[in-house]
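Next comes input_14.cif, a file with mmCIF, C-alpha atoms and all ligand atoms.
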```
data_data
loop_
_atom_site.label_atom_id
_atom_site.label_comp_id
_atom_site.auth_asym_id
_atom_site.auth_seq_id
_atom_site.Cartn_x
_atom_site.Cartn_y
_atom_site.Cartn_z
CA MET A 148 19.33 -4.43 11.86
CA THR A 149 19.93 -1.16 13.72
CA ALA A 150 17.14 0.63 15.49
CA ASP A 151 17.80 4.01 13.86
CA HIS A 152 16.49 2.91 10.46
CA PRO A 153 12.78 2.75 9.79
CA HIS A 154 11.48 -0.72 9.03
CA ILE A 155 10.55 0.38 5.52
CA ARG A 156 11.61 3.52 3.69
CA THR A 157 10.82 4.58 0.16
CA THR A 158 12.79 7.48 -1.29
CA ASP A 159 11.57 9.41 -4.34
CA LEU A 160 9.92 6.24 -5.61
CA LYS A 161 8.70 6.35 -9.19
CA ARG A 162 6.74 3.87 -11.26
CA TYR A 163 5.89 4.91 -14.79
CA TYR A 164 3.93 2.68 -17.14
CA ARG A 165 4.13 3.09 -20.86
CA ARG A 166 0.80 2.79 -22.69
CA GLY A 167 1.50 3.21 -26.40
CA LYS A 168 2.62 6.79 -26.77
CA HIS A 169 1.41 7.72 -23.33
CA GLU A 170 3.18 7.45 -20.03
CA VAL A 171 1.15 6.83 -16.88
CA ARG A 172 2.89 8.16 -13.80
CA ALA A 173 1.42 5.74 -11.29
CA LEU A 174 3.95 6.90 -8.69
CA ASP A 175 5.75 10.16 -9.12
CA GLY A 176 8.27 10.58 -6.32
CA VAL A 177 6.91 8.94 -3.19
CA SER A 178 8.95 9.10 0.03
CA VAL A 179 7.40 7.43 3.04
CA THR A 180 8.64 5.67 6.16
CA VAL A 181 7.08 2.88 8.15
CA ASP A 182 8.51 2.18 11.59
CA ARG A 183 8.86 -1.30 13.03
CA GLY A 184 5.59 -2.26 14.67
CA GLU A 185 3.70 0.58 13.03
CA PHE A 186 0.25 0.19 11.45
CA VAL A 187 0.15 2.48 8.41
CA SER A 188 -2.89 2.96 6.18
CA LEU A 189 -2.66 4.18 2.59
CA VAL A 190 -5.76 5.99 1.42
CA GLY A 191 -6.66 7.85 -1.77
CA ALA A 192 -8.93 7.82 -4.80
CA SER A 193 -8.96 4.98 -7.30
CA GLY A 194 -5.90 5.27 -9.53
CA SER A 195 -3.91 7.35 -7.05
CA GLY A 196 -1.13 4.72 -6.92
CA LYS A 197 -1.82 2.78 -3.71
CA THR A 198 -1.44 -0.71 -5.21
CA SER A 199 1.60 0.39 -7.20
CA LEU A 200 3.25 1.61 -4.00
CA LEU A 201 2.35 -1.51 -2.02
CA ASN A 202 3.69 -3.83 -4.74
CA LEU A 203 6.98 -1.93 -4.89
CA MET A 204 7.32 -1.97 -1.10
CA ALA A 205 6.69 -5.72 -1.14
CA GLY A 206 9.33 -6.22 -3.82
CA LEU A 207 6.78 -7.60 -6.29
CA ASP A 208 7.60 -4.92 -8.83
CA THR A 209 10.66 -2.89 -9.84
CA PRO A 210 10.60 0.90 -9.64
CA THR A 211 11.28 3.22 -12.57
CA GLY A 212 13.27 5.32 -10.10
CA GLY A 213 13.96 5.75 -6.42
CA THR A 214 14.58 3.16 -3.72
CA VAL A 215 12.86 0.86 -1.26
CA GLU A 216 14.83 0.00 1.89
CA PHE A 217 14.17 -2.49 4.64
CA ASP A 218 16.08 -1.68 7.84
CA GLY A 219 18.28 0.66 5.84
CA VAL A 220 19.18 -1.93 3.18
CA SER A 221 18.13 -1.14 -0.36
CA LEU A 222 16.10 -3.94 -1.98
CA ALA A 223 17.90 -3.31 -5.26
CA SER A 224 21.23 -4.17 -3.60
CA ILE A 225 20.08 -7.69 -2.67
CA PRO A 226 20.60 -10.40 -5.31
CA ARG A 227 17.33 -11.62 -6.90
CA ARG A 228 17.27 -15.11 -5.37
CA GLU A 229 18.05 -13.79 -1.92
CA ARG A 230 15.39 -11.11 -2.34
CA ALA A 231 12.77 -13.72 -3.24
CA HIS A 232 13.74 -15.81 -0.23
CA GLN A 233 13.59 -12.82 2.11
CA ARG A 234 10.21 -11.88 0.71
CA ALA A 235 8.86 -15.39 1.28
CA LYS A 236 10.16 -15.37 4.84
CA LYS A 237 9.52 -11.84 6.00
CA ILE A 238 6.45 -10.65 4.12
CA GLY A 239 2.83 -11.72 4.29
CA MET A 240 0.27 -10.37 1.83
CA ILE A 241 -3.52 -10.18 1.73
CA PHE A 242 -5.56 -9.05 -1.25
CA GLN A 243 -9.11 -7.92 -1.91
CA SER A 244 -9.86 -11.08 -3.89
CA PHE A 245 -8.48 -13.51 -1.26
CA ASN A 246 -6.34 -15.32 -3.91
CA LEU A 247 -6.82 -18.78 -2.41
CA ILE A 248 -6.14 -21.92 -4.44
CA SER A 249 -9.60 -23.24 -5.28
CA HIS A 250 -8.84 -26.97 -5.26
CA TYR A 251 -6.94 -26.83 -1.98
CA THR A 252 -8.58 -27.08 1.43
CA ALA A 253 -8.28 -24.24 3.92
CA LEU A 254 -5.50 -26.15 5.66
CA GLN A 255 -3.59 -26.82 2.43
CA ASN A 256 -3.91 -23.16 1.42
CA VAL A 257 -2.28 -22.06 4.68
CA GLU A 258 0.37 -24.77 4.48
CA THR A 259 1.57 -23.44 1.11
CA ALA A 260 3.06 -20.43 2.92
CA LEU A 261 5.50 -22.78 4.67
CA TYR A 262 6.82 -24.57 1.57
CA PHE A 263 9.62 -22.08 0.97
CA ASP A 264 11.86 -23.00 3.89
CA GLY A 265 11.57 -26.77 3.89
CA THR A 266 9.33 -27.13 6.95
CA HIS A 267 8.29 -30.78 7.19
CA HIS A 268 4.74 -31.83 6.43
CA ALA A 269 3.75 -32.66 10.00
CA GLU A 270 5.08 -29.34 11.26
CA ARG A 271 3.35 -27.47 8.42
CA VAL A 272 0.05 -29.09 9.36
CA ARG A 273 0.56 -28.25 13.03
CA LEU A 274 1.39 -24.59 12.36
CA ALA A 275 -1.35 -24.14 9.76
CA THR A 276 -3.93 -25.76 12.02
CA ALA A 277 -2.92 -23.51 14.91
CA ALA A 278 -3.14 -20.40 12.71
CA LEU A 279 -6.61 -21.36 11.47
CA GLU A 280 -7.79 -22.22 14.97
CA ARG A 281 -6.70 -18.84 16.23
CA LEU A 282 -8.79 -17.24 13.49
CA GLY A 283 -11.87 -19.21 14.53
CA LEU A 284 -11.72 -21.73 11.68
CA ALA A 285 -11.02 -24.94 13.64
CA ASP A 286 -14.06 -26.62 12.09
CA ARG A 287 -13.33 -25.42 8.53
CA LEU A 288 -9.91 -27.02 7.97
CA THR A 289 -11.03 -29.35 5.18
CA HIS A 290 -13.37 -26.88 3.45
CA ARG A 291 -12.42 -25.63 0.03
CA PRO A 292 -12.73 -21.88 -0.71
CA ALA A 293 -16.05 -22.33 -2.60
CA ASP A 294 -17.53 -23.84 0.56
CA LEU A 295 -16.51 -20.93 2.77
CA SER A 296 -18.12 -17.51 3.23
CA GLY A 297 -16.25 -14.41 2.06
CA GLY A 298 -15.26 -13.52 5.61
CA GLU A 299 -14.03 -17.06 6.22
CA GLN A 300 -12.03 -17.07 2.98
CA GLN A 301 -10.34 -13.84 3.98
CA ARG A 302 -9.55 -15.29 7.42
CA VAL A 303 -7.90 -18.26 5.66
CA ALA A 304 -5.90 -15.72 3.64
CA VAL A 305 -4.91 -13.95 6.88
CA ALA A 306 -3.80 -17.31 8.35
CA ARG A 307 -1.76 -17.97 5.20
CA ALA A 308 -0.15 -14.53 5.49
CA VAL A 309 0.78 -14.80 9.17
CA VAL A 310 1.54 -18.52 9.64
CA LYS A 311 5.26 -18.09 8.89
CA LYS A 312 5.46 -15.25 11.44
CA PRO A 313 6.46 -12.57 8.96
CA GLU A 314 7.83 -9.15 9.94
CA ILE A 315 5.53 -7.21 7.67
CA LEU A 316 1.97 -7.66 6.50
CA PHE A 317 0.91 -5.87 3.31
CA ALA A 318 -2.83 -5.78 2.73
CA ASP A 319 -4.41 -4.35 -0.42
CA GLU A 320 -8.05 -3.51 0.29
CA PRO A 321 -8.52 -6.77 2.21
CA THR A 322 -12.06 -5.80 3.16
CA GLY A 323 -13.13 -4.55 -0.28
CA ASN A 324 -15.32 -7.61 -0.86
CA LEU A 325 -16.68 -7.93 2.67
CA ASP A 326 -19.67 -6.53 4.55
CA TYR A 327 -19.24 -4.23 7.52
CA ASP A 328 -19.10 -6.89 10.26
CA ASN A 329 -16.59 -9.04 8.38
CA SER A 330 -14.53 -5.95 7.50
CA ARG A 331 -14.35 -4.95 11.11
CA GLN A 332 -13.39 -8.49 12.12
CA ILE A 333 -10.56 -8.73 9.55
CA MET A 334 -9.26 -5.28 10.48
CA SER A 335 -9.28 -6.01 14.19
CA LEU A 336 -7.47 -9.31 13.57
CA MET A 337 -4.75 -7.41 11.70
CA LYS A 338 -4.62 -5.00 14.62
CA GLN A 339 -4.14 -7.90 17.06
CA TYR A 340 -1.16 -9.24 15.10
CA ASN A 341 0.15 -5.66 14.91
CA SER A 342 -0.07 -5.33 18.70
CA GLU A 343 2.18 -8.40 18.88
CA GLY A 344 4.84 -6.62 16.81
CA LEU A 345 3.87 -7.18 13.17
CA THR A 346 4.39 -4.11 10.97
CA VAL A 347 1.23 -3.54 8.88
CA VAL A 348 0.77 -1.53 5.68
CA LEU A 349 -2.87 -1.45 4.67
CA VAL A 350 -4.55 0.00 1.59
CA THR A 351 -8.13 0.82 2.39
CA HIS A 352 -11.11 2.93 1.39
CA ASN A 353 -12.53 2.65 4.89
CA LEU A 354 -11.30 5.86 6.47
CA ASP A 355 -13.21 5.36 9.72
CA LEU A 356 -11.58 2.00 10.44
CA ALA A 357 -8.22 3.32 9.24
CA ARG A 358 -8.45 6.22 11.69
CA GLU A 359 -9.42 3.89 14.48
CA LEU A 360 -6.70 1.29 13.93
CA SER A 361 -3.67 2.89 12.30
CA HIS A 362 -0.82 4.81 13.82
CA LYS A 363 -0.34 6.78 10.62
CA ILE A 364 -2.49 7.53 7.58
CA VAL A 365 -0.78 8.35 4.28
CA ARG A 366 -2.98 10.09 1.70
CA MET A 367 -2.21 9.70 -1.98
CA GLU A 368 -3.33 11.69 -5.01
CA TYR A 369 -2.16 11.28 -8.59
CA GLY A 370 0.88 9.21 -7.66
CA ARG A 371 2.08 11.47 -4.88
CA VAL A 372 1.73 11.64 -1.14
CA VAL A 373 -0.38 14.67 -0.31
CA GLY A 374 -0.55 14.23 3.43
CA SER A 375 0.54 12.04 6.26
CA GLY A 376 -1.13 12.26 9.62
CA ALA A 377 -1.69 10.52 12.88
CA GLY A 378 -4.40 7.96 13.49
CA ALA A 379 -4.11 6.08 16.76
CA PRO A 380 -1.03 6.79 18.97
CA PRO A 381 2.19 5.18 17.66
CA PRO A 382 3.45 1.93 19.19
CA GLY A 383 4.95 2.42 22.63
CA ASN A 384 3.19 5.74 23.29
CA PRO A 385 0.48 5.76 25.93
CA PRO A 386 -3.06 6.48 24.73
CA GLY A 387 -3.81 10.17 25.00
CA GLY A 388 -0.15 11.09 24.42
CA ASP A 389 0.74 13.67 21.80
CA ALA A 390 0.42 11.81 18.50
CA SER A 391 0.88 14.82 16.25
CA PRO A 392 3.66 14.53 13.65
N1 LIG B 401 0.25 -2.41 -15.59
C1 LIG B 401 -0.15 -1.18 -15.80
N2 LIG B 401 -0.04 -0.59 -17.01
C2 LIG B 401 -0.43 0.69 -17.21
N3 LIG B 401 -0.95 1.48 -16.26
C3 LIG B 401 -1.10 0.95 -15.04
C4 LIG B 401 -0.73 -0.39 -14.73
N4 LIG B 401 -1.00 -0.63 -13.42
C5 LIG B 401 -1.52 0.52 -12.94
N5 LIG B 401 -1.60 1.47 -13.91
C6 LIG B 401 -2.08 2.85 -13.75
O1 LIG B 401 -1.40 3.45 -12.68
C7 LIG B 401 -2.27 4.26 -11.91
C8 LIG B 401 -2.21 3.82 -10.45
O2 LIG B 401 -2.77 2.51 -10.34
P1 LIG B 401 -2.92 1.74 -8.96
O3 LIG B 401 -3.44 0.39 -9.26
O4 LIG B 401 -1.67 1.86 -8.22
O5 LIG B 401 -4.04 2.64 -8.23
P2 LIG B 401 -4.84 2.39 -6.89
O6 LIG B 401 -4.69 3.61 -6.07
O7 LIG B 401 -4.46 1.11 -6.29
O8 LIG B 401 -6.37 2.33 -7.40
P3 LIG B 401 -7.62 1.43 -6.86
O9 LIG B 401 -8.11 2.12 -5.61
O10 LIG B 401 -8.62 1.52 -7.97
O11 LIG B 401 -7.14 0.04 -6.63
C9 LIG B 401 -3.64 4.12 -12.55
O12 LIG B 401 -3.86 5.25 -13.36
C10 LIG B 401 -3.53 2.86 -13.35
O13 LIG B 401 -4.38 2.92 -14.47
MG MG B 402 -5.45 -0.71 -5.93
#
```

In structure tokens, how does this file's structure come out?
Ligand SMILES: Nc1ncnc2c1ncn2[C@@H]1O[C@H](COP(=O)(O)OP(=O)(O)OP(=O)(O)O)[C@@H](O)[C@H]1O
Ligand SMILES: [Mg+2]
Amino acid sequence: MTADHPHIRTTDLKRYYRRGKHEVRALDGVSVTVDRGEFVSLVGASGSGKTSLLNLMAGLDTPTGGTVEFDGVSLASIPRRERAHQRAKKIGMIFQSFNLISHYTALQNVETALYFDGTHHAERVRLATAALERLGLADRLTHRPADLSGGEQQRVAVARAVVKKPEILFADEPTGNLDYDNSRQIMSLMKQYNSEGLTVVLVTHNLDLARELSHKIVRMEYGRVVGSGAGAPPPGNPPGGDASP
């Protein structure tokens, strides 16, 4: 919509879970913004609320309080069906555990991302093949996940996330199960898509790579944001420009 709204904004976002008599405050008033084309990394200790925040931003979960807005429009104001459709169209997700369908080939796994909008089979195959080729998997199209390495499986998951040309990529520790070289490869692939305009929100424990690749790093502790600082210069700013907040 208009340029004066951030791509994503959360305002005083809360997510409380009830465990018997206890209440877990997974998120306790989180306000963050992500600009269009920005690469934002969420870091923090285990249990600090990173996944909870990502899932709320992606519309996979409903907050206990507060709002999530895309381009200034509150998610809660969009009817459920429309919200699901928008999510399918505009959002790609990658997870630590790849989440591929085990009895599907690499190609079929990527094609599934195009089911939602009625793309015809031949076109799905063409787009999915192109996405896999770009990720260096041209000769793995008919492999099933069990016959792929971890790095290859995650590249299939990246292809599945980006094949529909989403606006936003959410990634929850996508390199948590990968060795250093594969981690670096997956992160730099995300960075390439980001350079082409994709907004990226990444949860990671790898602070070095986060510093190298992200425009902004958001630190979480006990369900709150405790700091937000610059990584690489924001999109549009020349390298070496003032990137301080
Ligand atoms: N479904 C749930 N029911 C109850 N408590 C939950 C639930 N999901 C998460 N929590 C709690 O909320 C807090 C935040 O969890 P969350 O998964 O967001 O953390 P995280 O920062 O992603 O951690 P990790 O780095 O280990 O993935 C934790 O204390 C967790 O135990
Ligand atoms: Mg998590």

Within 12 Å of ligand LIG 401 (chain B), counting only C-alpha atoms and all ligand atoms: which residues, as a PyMOL selection string? chain A and resi 161-175+189-203+208-209+242-244+318-321+323+349-353+366-372

Put a box with edges along x, y and z around all the listed atoms of region 335-340 of chain A, pad it by 3 Å on each side, then give me its centre and sizes in Å, one decimal, as JSON.
```
{"center_x": -5.2, "center_y": -7.2, "center_z": 14.4, "size_x": 14.1, "size_y": 10.3, "size_z": 11.4}
```

Judged by all atoms listed in the file, the minimum distance to Asp355 (chain A) among A:Ser188, A:Tyr340, A:Leu282, A:Gln233 is found for A:Ser188

Please identify all polymer residues lying at most 12 Å from the point (0.2, -19.9, 18.9) (file coordinates), using all atoms listed in the file, and present the result as an MDAnalysis selection string. chainID A and resid 273:282 306 309:312 340 343

Fewer than 5 positions away in the same chain doesn't count, so skip those; otherwise give me all residues within 9 Å of region 288-299 of chain A, counting only C-alpha atoms, as a list in words.
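The filter keeps Phe245, Leu247, Ile248, Ser249, His250, Tyr251, Thr252, Ala253, Leu254, Gln255, Asn256, Thr276, Leu279, Glu280, Leu282, Gly283, Ala304, Thr322, Asn324, Leu325, Asp326, Asp328, Asn329, Ser330, Gln332 and Ile333 of chain A.
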
Selection: 8 Å around Pro153 (chain A), all atoms listed in the file, excl. self and same-chain fewer than 6 positions, as number ranges by chain = A: 180-183, 217-219

Selection export as a short mmCIF file (atom, residue, chain, number, x, y, z; two decimals), keeping the file's coordinate frame, atoms kept: C-alpha atoms:
```
data_model
loop_
_atom_site.label_atom_id
_atom_site.label_comp_id
_atom_site.auth_asym_id
_atom_site.auth_seq_id
_atom_site.Cartn_x
_atom_site.Cartn_y
_atom_site.Cartn_z
CA THR A 180 8.64 5.67 6.16
CA VAL A 181 7.08 2.88 8.15
CA ASP A 182 8.51 2.18 11.59
CA ARG A 183 8.86 -1.30 13.03
CA PHE A 217 14.17 -2.49 4.64
CA ASP A 218 16.08 -1.68 7.84
CA GLY A 219 18.28 0.66 5.84
#
```

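The space between CA of Val365 (chain A) and CA of Ile155 (chain A) spans 13.9 Å.
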
Exercise. Skip region 236-239 of chain A itself and residues of its chain fewer than 6 positions away, then list as a PyMOL selection string all residues within 9 Å of it, counting all atoms listed in the file.
Key: chain A and resi 205+260-261+263-264+305+307-318

(Q) Quick check, in Å to one decimal: how far apart do CA of Gln339 (chain A) and CA of Leu360 (chain A) lie? (A)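 Calculated distance between CA of Gln339 (chain A) and CA of Leu360 (chain A) is 10.0 Å.
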
The distance between CA of Thr346 (chain A) and CA of Glu185 (chain A) is 5.2 Å

When you look at Asp159 (chain A) with a cut-off of 9 Å (counting only C-alpha atoms), what residues show up, excluding the ones that are within fewer than 3 positions of it in the same chain? I need them as a PyMOL selection string.
chain A and resi 175-179+212-214

- Using only C-alpha atoms, which of A:Val187, A:Ala269, A:Arg234, A:Arg331 sits nearest Gly378 (chain A)?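 Selected residue with least distance to Gly378 (chain A): A:Val187.
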